[in-house]
>>> print(open('structure.cif').read())   # mmCIF, C-alpha atoms
data_protein
#
loop_
_atom_site.label_atom_id
_atom_site.label_comp_id
_atom_site.auth_asym_id
_atom_site.auth_seq_id
_atom_site.Cartn_x
_atom_site.Cartn_y
_atom_site.Cartn_z
CA MET A 17 124.68 135.17 53.14
CA GLU A 18 127.54 134.90 55.59
CA LYS A 19 125.19 135.42 58.55
CA VAL A 20 122.82 132.73 57.24
CA LYS A 21 125.71 130.24 57.10
CA ILE A 22 126.71 131.09 60.69
CA ILE A 23 123.13 130.66 61.88
CA LYS A 24 122.82 127.28 60.11
CA GLU A 25 126.08 126.06 61.65
CA ARG A 26 124.99 127.12 65.13
CA LEU A 27 121.60 125.43 64.71
CA LYS A 28 123.31 122.24 63.58
CA THR A 29 125.64 122.35 66.60
CA THR A 30 122.71 122.95 68.97
CA GLN A 31 120.71 120.07 67.48
CA SER A 32 123.70 117.77 67.79
CA ARG A 33 124.16 118.70 71.45
CA ARG A 34 120.49 118.15 72.23
CA LYS A 35 120.50 114.78 70.49
CA SER A 36 123.56 113.57 72.36
CA TYR A 37 122.09 114.84 75.66
CA SER A 38 118.78 113.05 75.09
CA ASN A 39 120.56 109.82 74.09
CA VAL A 40 122.53 109.83 77.35
CA ARG A 41 119.41 110.38 79.47
CA GLN A 42 117.31 107.82 77.64
CA ARG A 43 117.46 104.26 78.92
CA GLU A 44 115.62 101.04 78.27
CA LEU A 45 112.92 99.89 80.66
CA GLU A 46 114.19 96.73 82.31
CA LEU A 47 111.50 94.24 83.28
CA GLN A 48 111.77 90.55 84.02
CA GLU A 49 109.20 87.91 83.12
CA ASP A 50 107.91 87.72 86.69
CA ASP A 51 107.35 91.51 86.81
CA TRP A 52 105.07 91.87 83.78
CA ARG A 53 104.18 90.06 80.61
CA VAL A 54 105.66 92.24 77.94
CA VAL A 55 104.98 91.98 74.22
CA GLN A 56 106.93 94.73 72.41
CA VAL A 57 105.13 97.91 73.58
CA ALA A 58 102.04 96.39 75.21
CA CYS A 59 101.66 94.63 78.51
CA ARG A 60 98.80 92.39 79.60
CA ILE A 61 98.27 91.99 83.32
CA GLU A 62 96.13 89.51 85.18
CA LEU A 63 93.32 91.13 87.13
CA PRO A 64 90.99 89.55 89.66
CA PRO A 65 87.41 88.86 88.52
CA LYS A 66 86.24 91.75 90.69
CA MET A 67 88.09 94.16 88.36
CA SER A 68 86.84 92.66 85.10
CA LEU A 69 85.72 96.08 83.85
CA VAL A 70 89.32 97.32 83.76
CA HIS A 71 91.05 96.84 80.42
CA PRO A 72 94.02 94.52 81.14
CA VAL A 73 96.39 95.81 78.42
CA PHE A 74 98.61 98.83 79.02
CA HIS A 75 101.31 100.60 77.07
CA VAL A 76 104.72 99.97 78.66
CA SER A 77 105.32 103.70 79.04
CA MET A 78 102.58 103.71 81.70
CA LEU A 79 104.29 101.08 83.86
CA LYS A 80 106.74 101.59 86.68
CA LYS A 81 108.73 98.88 88.35
CA VAL A 82 107.86 98.52 92.03
CA ASP A 83 110.52 97.30 94.42
CA GLY A 84 108.20 95.40 96.79
CA ASP A 85 107.56 98.05 99.46
CA PRO A 86 104.56 96.41 101.20
CA PRO A 87 103.14 99.58 102.83
CA LEU A 88 102.79 101.20 99.40
CA ILE A 89 100.93 98.28 97.84
CA VAL A 90 97.16 98.54 98.22
CA SER A 91 95.29 95.27 98.30
CA VAL A 92 92.65 95.00 95.59
CA GLU A 93 90.30 93.21 97.98
CA THR A 94 90.03 96.31 100.19
CA LEU A 95 88.93 98.55 97.32
CA GLU A 96 85.32 98.60 96.25
CA VAL A 97 85.47 99.68 92.60
CA ASN A 98 82.14 100.68 91.05
CA LYS A 99 81.08 100.47 87.39
CA GLU A 100 82.65 103.86 86.62
CA LEU A 101 85.99 102.39 87.79
CA THR A 102 86.18 104.77 90.75
CA TYR A 103 86.08 104.19 94.46
CA GLU A 104 84.99 106.31 97.38
CA GLU A 105 87.63 107.63 99.74
CA ILE A 106 86.45 107.19 103.32
CA PRO A 107 87.97 109.27 106.12
CA ILE A 108 89.20 107.23 109.06
CA SER A 109 90.47 109.76 111.55
CA ILE A 110 91.58 113.31 112.16
CA ILE A 111 95.31 113.63 112.67
CA ASP A 112 95.76 117.35 113.25
CA ARG A 113 93.88 120.65 113.37
CA GLN A 114 94.92 124.18 112.58
CA VAL A 115 93.38 127.62 112.23
CA GLN A 116 94.62 129.94 109.52
CA LYS A 117 94.11 133.60 110.30
CA GLN A 118 93.38 135.85 107.39
CA ARG A 119 92.53 139.55 107.47
CA ASN A 120 88.88 139.38 108.49
CA LYS A 121 88.28 135.73 109.26
CA GLU A 122 89.73 132.51 110.56
CA ILE A 123 89.59 129.28 108.58
CA ALA A 124 89.66 126.04 110.56
CA SER A 125 91.11 123.03 108.76
CA MET A 126 92.03 119.51 109.75
CA LYS A 127 94.41 116.87 108.49
CA VAL A 128 92.38 113.78 107.55
CA LEU A 129 93.67 110.22 107.22
CA TRP A 130 91.85 108.33 104.46
CA ARG A 131 91.24 104.61 104.17
CA ASN A 132 93.80 102.78 101.98
CA GLN A 133 96.24 105.71 102.27
CA GLN A 134 99.43 106.20 104.25
CA VAL A 135 99.84 108.95 106.85
CA GLU A 136 102.08 110.82 104.39
CA LYS A 137 99.12 111.06 102.00
CA ALA A 138 96.77 112.65 104.57
CA THR A 139 95.16 115.84 103.28
CA TRP A 140 94.09 119.14 104.80
CA GLU A 141 90.33 119.64 104.57
CA ALA A 142 87.97 122.43 105.68
CA GLU A 143 86.49 121.65 109.08
CA GLU A 144 83.01 122.85 108.09
CA GLU A 145 82.91 120.51 105.08
CA MET A 146 84.10 117.56 107.15
CA LYS A 147 81.46 118.22 109.83
CA LYS A 148 78.80 118.33 107.16
CA ASN A 149 79.96 115.28 105.16
CA CYS A 150 81.43 113.08 107.91
CA PRO A 151 79.77 113.77 111.29
CA HIS A 152 80.87 110.36 112.61
CA LEU A 153 84.43 111.71 112.97
CA PHE A 154 83.31 114.27 115.54
CA GLU A 155 81.36 111.98 117.87
#
>>> encode(input="structure.cif", output="structure tokens")
Amino acid sequence: MEKVKIIKERLKTTQSRRKSYSNVRQRELELQEDDWRVVQVACRIELPPKMSLVHPVFHVSMLKKVDGDPPLIVSVETLEVNKELTYEEIPISIIDRQVQKQRNKEIASMKVLWRNQQVEKATWEAEEEMKKNCPHLFE
């Protein structure tokens, strides 16, 4: 019985520590009226008519405050959203090329800059796939 009491005390201490730690790390989301329209835990945003298929109400946990960094903001007019609420990424240019040597073969890849993306978001793609899917980049 003595060991059970010790275990219970230690569990209680651990729970107390975790609770105090989580309370310190937890903070309220601070939004002003001009950032979002907030009603308790839901937020309704105004969308252009072109995006009428998108549901305009979000839970506040999904929102992040953006400190107006213009290069990171993508204009809605440049995106062509289809009925499945997706859009096609179109490659604009090839930034870099590299060949990875493995034991028996070499794999050629290229860094591709996509439309509506920053240079930091460029991705490495297989050269064969890019030649097949986007021959206009190699002309």
>>> resolve_selection(input="structure.cif", expression="the PyMOL selection byres ((chain A and resi 123) around 12)", output="list of chain:residue names")
A:Arg113, A:Gln114, A:Val115, A:Gln116, A:Lys117, A:Gln118, A:Arg119, A:Asn120, A:Lys121, A:Glu122, A:Ala124, A:Ser125, A:Met126, A:Trp140, A:Glu141, A:Ala142, A:Glu143, A:Glu144, A:Glu145
>>> atom_distance(input="structure.cif", atom1="CA of Cys150 (chain A)", atom2="CA of Ser109 (chain A)")
10.3 Å
>>> residues_around(input="structure.cif", residues="Val70 (chain A)", least_positions_apart="4", cutoff="12 Å", atoms="all atoms listed in the file", output="MDAnalysis selection string")
chainID A and resid 60:66 74 97:102
>>> write_last_selection(input="structure.cif", atoms="C-alpha atoms", output="tab-separated table (two decimals), in the frame of the given file")
chain	number	residue	atom	x	y	z
A	60	ARG	CA	98.80	92.39	79.60
A	61	ILE	CA	98.27	91.99	83.32
A	62	GLU	CA	96.13	89.51	85.18
A	63	LEU	CA	93.32	91.13	87.13
A	64	PRO	CA	90.99	89.55	89.66
A	65	PRO	CA	87.41	88.86	88.52
A	66	LYS	CA	86.24	91.75	90.69
A	74	PHE	CA	98.61	98.83	79.02
A	97	VAL	CA	85.47	99.68	92.60
A	98	ASN	CA	82.14	100.68	91.05
A	99	LYS	CA	81.08	100.47	87.39
A	100	GLU	CA	82.65	103.86	86.62
A	101	LEU	CA	85.99	102.39	87.79
A	102	THR	CA	86.18	104.77	90.75
>>> closest_residue(input="structure.cif", among="A:Ser32, A:Arg26, A:Ile108, A:Glu96", to="Gln133 (chain A)", atoms="all atoms listed in the file")
A:Ile108
>>> closest_residue(input="structure.cif", among="A:Ile23, A:Ala138, A:Leu79, A:Ile106", to="Leu153 (chain A)", atoms="all atoms listed in the file")
A:Ile106
>>> closest_residue(input="structure.cif", among="A:Tyr37, A:Tyr103, A:Thr30, A:His75", to="Asn132 (chain A)", atoms="all atoms listed in the file")
A:Tyr103
>>> residues_around(input="structure.cif", residues="Thr139 (chain A)", least_positions_apart="4", cutoff="10 Å", atoms="only C-alpha atoms", output="list in words")
Ile110, Ile111, Ser125, Met126, Lys127, Val128, Leu129, Trp130 and Val135 of chain A
>>> closest_residue(input="structure.cif", among="A:Glu104, A:Met67, A:Pro72, A:Met78", to="Arg131 (chain A)", atoms="all atoms listed in the file")
A:Glu104
>>> atom_distance(input="structure.cif", atom1="CA of Ser36 (chain A)", atom2="CA of Lys24 (chain A)")
18.4 Å
